[in-house]
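Source file: entry-v3.cif; contents: mmCIF, C-alpha atoms.
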data_start
#
loop_
_atom_site.label_atom_id
_atom_site.label_comp_id
_atom_site.auth_asym_id
_atom_site.auth_seq_id
_atom_site.Cartn_x
_atom_site.Cartn_y
_atom_site.Cartn_z
CA MET A 1 0.00 0.00 0.00
CA LEU A 2 1.49 3.30 -1.10
CA PHE A 3 0.09 6.72 -0.17
CA CYS A 4 0.21 9.84 -2.35
CA GLU A 5 2.64 11.52 0.09
CA ASP A 6 5.02 8.55 -0.29
CA VAL A 7 4.75 8.83 -4.07
CA GLU A 8 5.53 12.54 -3.93
CA LEU A 9 8.80 11.73 -2.12
CA MET A 10 9.69 8.97 -4.57
CA LEU A 11 8.90 10.62 -7.91
CA GLN A 12 12.21 12.39 -8.48
CA ASP A 13 14.13 9.20 -7.60
CA TYR A 14 11.83 7.37 -10.04
CA LEU A 15 12.65 9.80 -12.86
CA ASP A 16 16.37 9.67 -12.02
CA GLY A 17 16.29 5.86 -12.10
CA TYR A 18 17.27 5.41 -8.44
CA LEU A 19 14.37 3.16 -7.40
CA LEU A 20 14.73 -0.54 -6.94
CA PRO A 21 12.79 -2.62 -9.52
CA SER A 22 10.38 -3.74 -6.81
CA GLN A 23 9.77 -0.15 -5.66
CA ARG A 24 9.31 0.96 -9.27
CA GLU A 25 6.69 -1.73 -9.76
CA VAL A 26 4.67 -0.59 -6.73
CA LEU A 27 5.00 3.06 -7.69
CA GLU A 28 3.85 2.43 -11.25
CA GLY A 29 0.88 0.49 -9.89
CA HIS A 30 -0.10 3.52 -7.79
CA LEU A 31 0.42 5.90 -10.73
CA ARG A 32 -1.91 3.84 -12.92
CA GLY A 33 -4.73 4.29 -10.42
CA CYS A 34 -4.11 7.84 -9.14
CA GLN A 35 -4.87 10.83 -11.34
CA ASN A 36 -3.25 13.39 -9.03
CA CYS A 37 0.07 11.56 -8.84
CA GLY A 38 -0.08 10.91 -12.59
CA ALA A 39 -0.47 14.65 -13.18
CA LEU A 40 2.42 15.37 -10.82
CA LEU A 41 4.62 12.92 -12.73
CA GLY A 42 3.56 14.54 -16.02
CA GLY A 43 4.55 17.97 -14.69
CA LEU A 44 7.93 16.75 -13.46
CA THR A 45 8.63 14.90 -16.72
CA SER A 46 7.86 17.96 -18.83
CA LEU A 47 10.03 20.15 -16.56
CA ASN A 48 12.89 17.66 -16.92
CA GLY A 49 12.40 17.69 -20.70
CA ARG A 50 12.51 21.48 -20.84
CA LEU A 51 15.65 21.63 -18.71
CA GLU A 52 17.34 19.06 -20.93
CA GLY A 53 16.25 21.09 -24.00
CA PHE A 54 18.58 23.93 -23.02
CA GLY A 55 21.60 21.90 -24.12
CA ASP A 56 25.25 22.73 -23.44
CA VAL A 57 26.74 26.02 -24.61
CA GLU A 58 30.21 25.99 -26.12
CA VAL A 59 32.43 28.76 -24.66
CA PRO A 60 34.23 30.59 -27.52
CA THR A 61 38.01 30.26 -27.37
CA GLY A 62 39.74 33.38 -26.15
CA LEU A 63 36.65 34.68 -24.28
CA SER A 64 38.42 35.00 -20.92
CA GLN A 65 41.40 36.78 -22.56
CA SER A 66 39.15 39.31 -24.30
CA ILE A 67 37.29 40.02 -21.01
CA LEU A 68 40.56 40.55 -19.17
CA LYS A 69 41.84 42.90 -21.91
CA SER A 70 38.69 45.02 -21.80
CA LEU A 71 39.06 45.66 -18.04
CA PRO A 72 40.57 49.04 -16.99
CA ALA A 73 44.25 48.91 -16.06
CA GLN A 74 43.57 50.35 -12.56
CA GLY A 75 41.98 48.14 -9.93
CA TYR A 76 38.23 48.51 -9.44
CA SER A 77 37.31 50.65 -6.45
CA PRO A 78 33.69 50.56 -5.22
CA PRO A 79 31.97 53.81 -4.19
CA PRO A 80 32.60 54.88 -0.54
CA LEU A 81 29.06 54.02 0.68
CA ARG A 82 29.35 50.50 -0.73
CA ARG A 83 32.81 50.12 0.82
CA TRP A 84 31.39 51.14 4.21
CA LEU A 85 28.48 48.71 3.83
CA VAL A 86 30.68 45.80 2.82
CA GLY A 87 33.47 46.52 5.30
CA GLY A 88 31.39 47.54 8.32
CA VAL A 89 27.67 46.89 8.26
CA VAL A 90 27.64 43.41 6.72
CA PRO A 91 30.09 41.85 9.22
CA VAL A 92 28.29 43.54 12.13
CA LEU A 93 24.92 42.25 10.88
CA ALA A 94 26.42 38.78 10.61
CA VAL A 95 27.60 39.00 14.24
CA VAL A 96 24.14 40.24 15.32
CA VAL A 97 22.41 37.33 13.56
CA ILE A 98 24.80 34.77 15.11
CA ALA A 99 24.42 36.34 18.57
CA ALA A 100 20.61 36.33 18.20
CA GLY A 101 20.70 32.68 17.14
CA PHE A 102 22.81 31.86 20.18
CA LEU A 103 20.43 33.82 22.39
CA PHE A 104 17.33 32.05 21.14
CA THR A 105 18.60 28.51 20.82
CA GLY A 106 21.08 28.49 23.67
CA ARG A 107 23.83 26.94 21.54
CA PHE A 108 25.51 26.95 18.19
CA GLU A 109 24.97 23.84 16.18
CA LEU A 110 27.63 22.90 13.70
CA HIS A 111 26.56 19.72 11.99
CA ASN A 112 29.27 17.48 10.69
CA GLN A 113 28.72 16.82 7.04
CA VAL A 114 29.61 13.14 7.24
CA ALA A 115 29.02 11.06 4.16
CA SER A 116 25.93 8.91 4.64
CA ARG A 117 25.44 5.63 2.81
CA VAL A 118 22.27 4.40 1.17
CA VAL A 119 21.12 1.06 2.56
CA ASP A 120 18.23 -1.08 1.30
CA LEU A 121 16.45 -3.28 3.84
CA PHE A 122 14.02 -6.05 3.01
CA VAL A 123 11.73 -8.27 5.02
CA SER A 124 9.13 -10.81 4.08
CA ALA A 125 5.80 -10.38 5.88
CA PRO A 126 2.98 -11.61 3.61
CA GLN A 127 0.23 -11.22 6.21
CA ALA A 128 1.29 -7.77 7.43
CA ALA A 129 -0.77 -4.64 6.86
CA SER A 130 2.14 -2.36 7.76
CA VAL A 131 5.84 -2.73 8.44
CA ALA A 132 8.21 -0.08 9.78
CA VAL A 133 11.92 -0.07 10.37
CA VAL A 134 13.03 1.42 13.68
CA GLY A 135 16.47 1.97 15.10
CA ASP A 136 18.88 4.33 16.77
CA PHE A 137 18.87 6.36 13.51
CA ASN A 138 15.20 7.36 13.85
CA GLY A 139 14.79 7.48 17.62
CA TRP A 140 13.15 4.02 17.63
CA ASP A 141 9.98 5.67 16.37
CA PRO A 142 7.75 3.30 14.35
CA GLN A 143 5.98 6.27 12.73
CA ARG A 144 9.12 7.62 11.08
CA THR A 145 10.24 5.01 8.53
CA ARG A 146 7.43 3.03 7.00
CA MET A 147 8.41 0.23 4.63
CA ILE A 148 6.79 -0.22 1.22
CA ARG A 149 5.14 -3.44 0.16
CA SER A 150 6.94 -4.21 -3.04
CA ASN A 151 5.24 -7.33 -4.41
CA HIS A 152 2.35 -9.73 -3.95
CA GLU A 153 4.53 -12.23 -2.04
CA GLY A 154 4.65 -9.77 0.84
CA ARG A 155 8.16 -8.44 0.47
CA TRP A 156 8.61 -5.08 2.20
CA THR A 157 11.44 -2.67 1.42
CA ALA A 158 12.91 0.52 2.81
CA ARG A 159 15.78 2.67 1.61
CA LEU A 160 17.72 4.46 4.37
CA LYS A 161 20.54 6.97 4.41
CA LEU A 162 22.78 6.12 7.37
CA PRO A 163 25.86 7.90 8.68
CA PRO A 164 29.03 5.87 9.35
CA GLY A 165 28.96 3.83 12.55
CA VAL A 166 27.27 0.85 14.13
CA HIS A 167 23.47 1.01 13.96
CA GLN A 168 20.97 -1.19 15.77
CA TYR A 169 17.52 -1.68 14.28
CA SER A 170 14.48 -3.89 14.12
CA PHE A 171 11.31 -4.29 12.09
CA VAL A 172 7.89 -3.56 13.59
CA ILE A 173 5.06 -5.50 11.99
CA ASP A 174 1.53 -4.13 12.32
CA GLY A 175 2.68 -1.67 14.96
CA SER A 176 3.31 -4.23 17.68
CA THR A 177 5.43 -7.22 16.65
CA TRP A 178 9.16 -6.55 16.78
CA VAL A 179 11.34 -8.84 14.69
CA PRO A 180 15.07 -8.66 13.97
CA ASP A 181 16.19 -8.57 10.35
CA PRO A 182 16.68 -12.18 9.21
CA GLY A 183 19.21 -10.91 6.67
CA ALA A 184 21.39 -9.06 9.19
CA LYS A 185 24.96 -10.30 9.60
CA SER A 186 24.92 -9.69 13.32
CA THR A 187 22.43 -9.33 16.19
CA LEU A 188 22.76 -8.04 19.74
CA PRO A 189 20.67 -8.62 22.86
CA ASP A 190 18.59 -5.49 23.38
CA GLY A 191 18.58 -5.66 27.19
CA PHE A 192 14.83 -6.29 27.23
CA GLY A 193 14.92 -9.98 26.38
CA GLY A 194 14.86 -9.49 22.61
CA LEU A 195 17.38 -9.01 19.81
CA ASN A 196 18.34 -6.05 17.66
CA SER A 197 19.92 -6.37 14.23
CA VAL A 198 23.25 -4.66 13.65
CA ILE A 199 24.44 -2.88 10.54
CA ILE A 200 27.93 -1.41 10.24
CA ILE A 201 28.42 1.56 7.90
CA ASP A 202 32.05 2.24 7.05
CA SER A 203 33.30 5.82 6.92
CA MET B 1 33.26 60.63 12.27
CA ALA B 2 29.54 60.13 13.00
CA ASN B 3 29.71 56.86 11.09
CA GLY B 4 32.65 55.74 13.18
CA ARG B 5 30.79 56.47 16.43
CA ALA B 6 27.69 54.63 15.26
CA PHE B 7 29.81 51.66 14.26
CA ALA B 8 31.61 51.60 17.64
CA ALA B 9 28.26 51.83 19.50
CA LEU B 10 26.83 48.97 17.46
CA VAL B 11 29.85 46.76 18.13
CA LEU B 12 29.59 47.58 21.85
CA VAL B 13 25.89 46.66 21.98
CA VAL B 14 26.48 43.40 20.09
CA GLY B 15 29.40 42.56 22.38
CA VAL B 16 27.37 43.18 25.54
CA VAL B 17 24.43 41.09 24.25
CA PHE B 18 26.78 38.30 23.22
CA CYS B 19 28.64 38.23 26.55
CA ALA B 20 25.40 38.40 28.54
CA SER B 21 23.90 35.53 26.57
CA SER B 22 26.91 33.30 27.16
CA GLN B 23 26.72 33.86 30.93
CA VAL B 24 23.14 32.60 31.24
CA PRO B 25 22.90 28.81 31.42
CA ALA B 26 21.00 27.28 28.52
CA ALA B 27 18.51 25.64 30.86
CA SER B 28 17.26 28.99 32.05
CA ARG B 29 16.68 30.31 28.52
CA GLY B 30 14.88 28.55 25.63
CA GLY B 31 15.39 25.15 27.30
CA ASN B 32 13.20 26.03 30.27
CA ARG B 33 10.31 27.23 28.14
CA GLU B 34 10.41 24.00 26.17
CA LEU B 35 10.73 22.00 29.36
CA GLU B 36 7.70 23.74 30.88
CA LYS B 37 5.72 22.87 27.76
CA VAL B 38 6.86 19.23 27.94
CA LEU B 39 6.10 19.00 31.66
CA LYS B 40 2.60 20.37 31.10
CA SER B 41 1.93 17.42 28.79
CA GLY B 42 2.74 15.02 31.65
CA ARG B 43 0.69 14.22 34.71
CA PHE B 44 3.20 15.32 37.35
CA GLY B 45 2.27 17.28 40.44
CA GLU B 46 3.86 20.66 41.15
CA SER B 47 6.58 19.35 43.44
CA GLN B 48 7.42 16.48 41.07
CA ALA B 49 7.66 18.91 38.14
CA ALA B 50 9.97 21.11 40.23
CA GLN B 51 12.13 18.07 41.03
CA ILE B 52 12.41 17.26 37.31
CA GLU B 53 13.20 20.89 36.47
CA ARG B 54 16.04 20.88 39.02
CA ALA B 55 17.46 17.62 37.64
CA PHE B 56 17.12 19.00 34.10
CA LYS B 57 19.09 22.13 35.02
CA VAL B 58 21.79 20.06 36.73
CA ALA B 59 22.07 17.84 33.64
CA VAL B 60 22.35 20.79 31.23
CA ASP B 61 24.86 22.53 33.51
CA ALA B 62 26.85 19.28 33.59
CA GLY B 63 27.10 19.47 29.81
CA VAL B 64 24.21 17.30 28.62
CA GLU B 65 22.84 18.69 25.35
CA ASN B 66 19.58 20.55 25.90
CA ARG B 67 17.84 18.38 23.30
CA ASP B 68 19.06 15.15 24.98
CA ALA B 69 17.84 16.29 28.40
CA LEU B 70 14.48 17.29 26.88
CA ALA B 71 14.29 13.95 25.06
CA LEU B 72 14.74 12.13 28.37
CA VAL B 73 11.86 14.05 29.96
CA GLU B 74 9.62 13.66 26.89
CA THR B 75 10.39 9.97 26.56
CA GLY B 76 9.80 9.48 30.28
CA ILE B 77 6.37 11.09 29.92
CA ASP B 78 5.58 8.94 26.85
CA GLY B 79 6.64 5.83 28.77
CA GLU B 80 4.63 6.85 31.84
CA PHE B 81 7.71 7.02 34.07
CA ALA B 82 7.24 8.15 37.66
CA ALA B 83 8.93 11.50 38.39
CA ASP B 84 11.77 9.87 40.35
CA LEU B 85 12.64 7.70 37.33
CA VAL B 86 12.77 10.75 35.05
CA VAL B 87 15.07 12.40 37.60
CA ARG B 88 17.19 9.24 37.68
CA THR B 89 17.67 9.26 33.88
CA LEU B 90 18.65 12.94 33.94
CA THR B 91 21.10 12.27 36.79
CA VAL B 92 22.77 9.38 34.95
CA ALA B 93 23.07 11.55 31.82
CA ALA B 94 24.66 14.29 33.96
CA GLN B 95 27.14 11.80 35.46
CA LEU B 96 28.11 10.55 31.99
CA SER B 97 28.59 14.06 30.76
CA LEU B 98 30.71 15.05 33.76
CA GLU B 99 32.96 12.07 33.06
CA GLY B 100 33.33 13.14 29.43
CA LEU B 101 31.33 10.16 28.16
CA PRO B 102 28.79 10.35 25.31
CA THR B 103 25.12 10.30 26.34
CA GLU B 104 23.61 9.19 23.01
CA LEU B 105 23.70 5.45 23.79
CA PHE B 106 21.97 5.99 27.14
CA VAL B 107 19.27 8.26 25.67
CA SER B 108 18.75 5.87 22.75
CA LYS B 109 18.26 2.89 25.07
CA VAL B 110 15.58 4.78 27.02
CA LYS B 111 13.80 5.66 23.75
CA GLU B 112 14.10 2.05 22.55
CA GLY B 113 12.60 0.69 25.77
CA VAL B 114 9.67 3.10 25.64
CA SER B 115 9.06 2.32 21.98
CA LYS B 116 9.06 -1.40 22.83
CA ARG B 117 6.56 -0.62 25.60
CA MET B 118 8.73 -2.08 28.36
CA GLU B 119 8.07 -1.49 32.02
CA PRO B 120 9.72 1.84 33.10
CA GLY B 121 11.89 0.28 35.83
CA ARG B 122 13.26 -2.23 33.37
CA ILE B 123 13.98 0.47 30.80
CA VAL B 124 15.99 2.55 33.26
CA GLN B 125 17.84 -0.56 34.41
CA ALA B 126 18.81 -1.49 30.82
CA ALA B 127 19.90 2.08 30.09
CA GLU B 128 21.91 2.30 33.33
CA PHE B 129 23.62 -0.97 32.39
CA ARG B 130 24.76 0.74 29.14
CA ALA B 131 26.01 3.73 31.16
CA LEU B 132 28.03 1.36 33.32
CA LYS B 133 29.45 -0.33 30.24
CA LEU B 134 30.39 3.09 28.82
CA LYS B 135 32.54 3.70 31.91
CA GLN B 136 34.14 0.28 31.50
CA ALA B 137 34.67 1.01 27.79
CA SER B 138 36.34 4.30 28.66
CA ASN B 139 38.86 2.54 30.91
CA LEU B 140 39.55 -0.05 28.23
CA PHE B 141 40.06 2.67 25.65
CA LYS B 142 42.58 4.47 27.90
CA HIS B 143 44.68 1.29 27.89
CA ALA B 144 44.20 0.97 24.13
CA VAL B 145 45.53 4.51 23.60
CA LEU B 146 48.64 3.59 25.61
CA GLU B 147 49.08 0.62 23.28
CA GLY B 148 48.94 2.94 20.24
CA VAL B 149 45.26 3.32 19.26
CA SER B 150 44.48 6.87 18.11
CA PRO B 151 42.69 8.90 20.82
CA ARG B 152 40.75 10.62 18.02
CA ASP B 153 38.62 7.48 17.66
CA ARG B 154 37.44 7.65 21.29
CA GLU B 155 34.09 9.34 20.77
CA GLU B 156 33.23 7.11 17.81
CA LEU B 157 34.28 3.83 19.38
CA LEU B 158 33.20 4.18 23.03
CA PRO B 159 29.49 3.40 22.40
CA ASP B 160 30.51 0.44 20.21
CA ILE B 161 32.86 -0.98 22.86
CA ALA B 162 30.11 -0.47 25.47
CA GLU B 163 27.60 -2.37 23.32
CA ALA B 164 30.09 -5.16 22.72
CA LEU B 165 30.66 -5.41 26.49
CA ALA B 166 26.90 -5.34 27.14
CA SER B 167 26.43 -8.18 24.66
CA GLY B 168 28.85 -10.33 26.64
CA MET B 169 32.20 -9.83 24.89
CA ASP B 170 34.92 -10.02 27.52
CA GLU B 171 37.53 -7.33 28.16
CA GLY B 172 40.35 -9.66 27.13
CA ARG B 173 38.93 -10.10 23.62
CA ILE B 174 38.46 -6.34 23.25
CA ARG B 175 42.09 -5.74 24.30
CA GLU B 176 43.15 -8.30 21.67
CA ILE B 177 41.11 -6.48 19.02
CA PHE B 178 42.90 -3.24 19.82
CA LEU B 179 46.34 -4.89 19.78
CA GLU B 180 45.53 -6.41 16.38
CA ALA B 181 44.30 -2.99 15.19
CA VAL B 182 47.61 -1.38 16.14
CA LYS B 183 49.65 -4.22 14.60
CA ASP B 184 47.65 -4.46 11.35
CA GLY B 185 46.71 -0.79 11.03
CA ASP B 186 42.99 -1.62 11.16
CA SER B 187 40.50 1.08 10.26
CA THR B 188 37.65 2.05 12.62
CA GLY B 189 35.35 -0.03 10.38
CA ALA B 190 37.57 -3.10 10.73
CA ILE B 191 37.61 -2.70 14.53
CA ARG B 192 33.81 -2.45 14.51
CA ARG B 193 33.43 -5.61 12.46
CA LYS B 194 35.57 -7.45 15.01
CA LEU B 195 33.51 -6.05 17.88
CA PHE B 196 30.31 -7.26 16.20
CA PRO B 197 31.31 -10.46 14.36
#

Is it possible to express this structure as structure tokens?
Amino acid sequence: MLFCEDVELMLQDYLDGYLLPSQREVLEGHLRGCQNCGALLGGLTSLNGRLEGFGDVEVPTGLSQSILKSLPAQGYSPPPLRRWLVGGVVPVLAVVVIAAGFLFTGRFELHNQVASRVVDLFVSAPQAASVAVVGDFNGWDPQRTRMIRSNHEGRWTARLKLPPGVHQYSFVIDGSTWVPDPGAKSTLPDGFGGLNSVIIIDS
Amino acid sequence: MANGRAFAALVLVVGVVFCASSQVPAASRGGNRELEKVLKSGRFGESQAAQIERAFKVAVDAGVENRDALALVETGIDGEFAADLVVRTLTVAAQLSLEGLPTELFVSKVKEGVSKRMEPGRIVQAAEFRALKLKQASNLFKHAVLEGVSPRDREELLPDIAEALASGMDEGRIREIFLEAVKDGDSTGAIRRKLFP
């Protein structure tokens, strides 16, 4: 079962060819029956077509040289008001904004831009009406990462972006049954009498 | 001249605001408003709420991230923890922070327990067990650094060592893994794969 909001998130990946065959199949099934999503796909496809229609522009040889030659010999000097704005007001405004942010949030947050990896998870649950993947990466919240039923045999899939490290996770079937991933290489006792699956993402 | 004076005045005002803001503990600014909102959603009496507020402030002053401390209170409310259990989780987080240990594993275990609808006492016990293992992991890592493991990997590896210990791996095996890592030049990923075979 796929909802329109899920489709909206998946459409660009669909057009870019990033979906798994099973996900594509489910998505196309939804598109066949949903006029709104079909129209959205049509809009995106035509936008893509128009963007591709622009084509590449060849830069004429010697363009940079001719620009450099046409510049005045003396260095460019902005008018005094602009100099004052750039040299004084802009940095001060930047400081004010940072200080205000600090004042309102109580801290600066500098997020590390660590390279995440895309991971595909699968589980077979033919009788399930819903399956979610939960783990330390989504606060163990079953509402946050719903899996998509990808075929009639009851195979459910989810694509995650995980940062490097060791992640523990589990599947939640129909909101109440927790099962470890049968395909996981490693499991750990969860401290509550059950098991969590382990996935290691290399940096 | 007038421009120069205006500029100096502006810098002075910004400086004063900036210094003043850094003197006020986070818990008594935005954090407290959010905490009040969270506490209102719970069913704590006035004195219990005050107890939690005090523990929250102590935790934030000890270096626990505001969002982690708030998450502990929110999760405690979701899991129907008694006020003293919420205070206990905040106190453990404060202790970890004071010892320079990461709090994420502890907070995550509390969230996991609530999500799995475990009994509150059992959740706190499981999370405290992880906190204990973090301390043990920290001692092990100190020895590993003396053997040649890079101290830069501490923050990344401590929760993993703690989980390996919690799952029953013995200290001797972990020491061996570190010795092998130094000898073979293992990456962090290779160490992790040995911790979770």

Picked residues, the PyMOL selection byres ((chain A) within 10 of (chain B)), as a compact mmCIF listing (two decimals) with C-alpha atoms, in the frame of the given file:
# COMPACT_ATOMS: atom_id res chain seq x y z
CA TRP A 84 31.39 51.14 4.21
CA GLY A 88 31.39 47.54 8.32
CA VAL A 89 27.67 46.89 8.26
CA VAL A 92 28.29 43.54 12.13
CA LEU A 93 24.92 42.25 10.88
CA VAL A 95 27.60 39.00 14.24
CA VAL A 96 24.14 40.24 15.32
CA VAL A 97 22.41 37.33 13.56
CA ILE A 98 24.80 34.77 15.11
CA ALA A 99 24.42 36.34 18.57
CA ALA A 100 20.61 36.33 18.20
CA PHE A 102 22.81 31.86 20.18
CA LEU A 103 20.43 33.82 22.39
CA PHE A 104 17.33 32.05 21.14
CA THR A 105 18.60 28.51 20.82
CA GLY A 106 21.08 28.49 23.67
CA ARG A 107 23.83 26.94 21.54
CA VAL A 134 13.03 1.42 13.68
CA GLY A 135 16.47 1.97 15.10
CA ASP A 136 18.88 4.33 16.77
CA PHE A 137 18.87 6.36 13.51
CA ASN A 138 15.20 7.36 13.85
CA GLY A 139 14.79 7.48 17.62
CA TRP A 140 13.15 4.02 17.63
CA ASP A 141 9.98 5.67 16.37
CA PRO A 142 7.75 3.30 14.35
CA PRO A 164 29.03 5.87 9.35
CA GLY A 165 28.96 3.83 12.55
CA VAL A 166 27.27 0.85 14.13
CA HIS A 167 23.47 1.01 13.96
CA TYR A 169 17.52 -1.68 14.28
CA VAL A 172 7.89 -3.56 13.59
CA SER A 176 3.31 -4.23 17.68
CA THR A 177 5.43 -7.22 16.65
CA TRP A 178 9.16 -6.55 16.78
CA LYS A 185 24.96 -10.30 9.60
CA SER A 186 24.92 -9.69 13.32
CA THR A 187 22.43 -9.33 16.19
CA LEU A 188 22.76 -8.04 19.74
CA PRO A 189 20.67 -8.62 22.86
CA ASP A 190 18.59 -5.49 23.38
CA GLY A 191 18.58 -5.66 27.19
CA PHE A 192 14.83 -6.29 27.23
CA GLY A 194 14.86 -9.49 22.61
CA VAL A 198 23.25 -4.66 13.65
CA ILE A 199 24.44 -2.88 10.54
CA ILE A 200 27.93 -1.41 10.24
CA ILE A 201 28.42 1.56 7.90
CA ASP A 202 32.05 2.24 7.05
CA SER A 203 33.30 5.82 6.92

Note to self: Can you pull out the residues contacting stretch 140-143 of chain B? Cut-off 9 Å, using only C-alpha atoms, and skip same-chain residues under 2 positions away; I want them as a ChimeraX atom specification.
What the structure shows: /B:135-138,145-149,151,154,157-158,161,171,174-175,178

How far is it from atom CA of B:Pro102 to atom CA of B:Val64, in Å with one decimal?
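Value for the atom CA of B:Pro102-atom CA of B:Val64 distance: 9.0 Å.
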
Using all atoms listed in the file, the best pick from A:Ser197, A:Gln12, A:Ser77, A:Ser22 as closest to A:Ile148 would be A:Ser22

ask   = With distances taken over all atoms listed in the file, which of B:Ala62, B:Leu132, B:Val182, B:Ala49 is nearest to B:Val86?
value =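 Closest candidate: B:Ala49.
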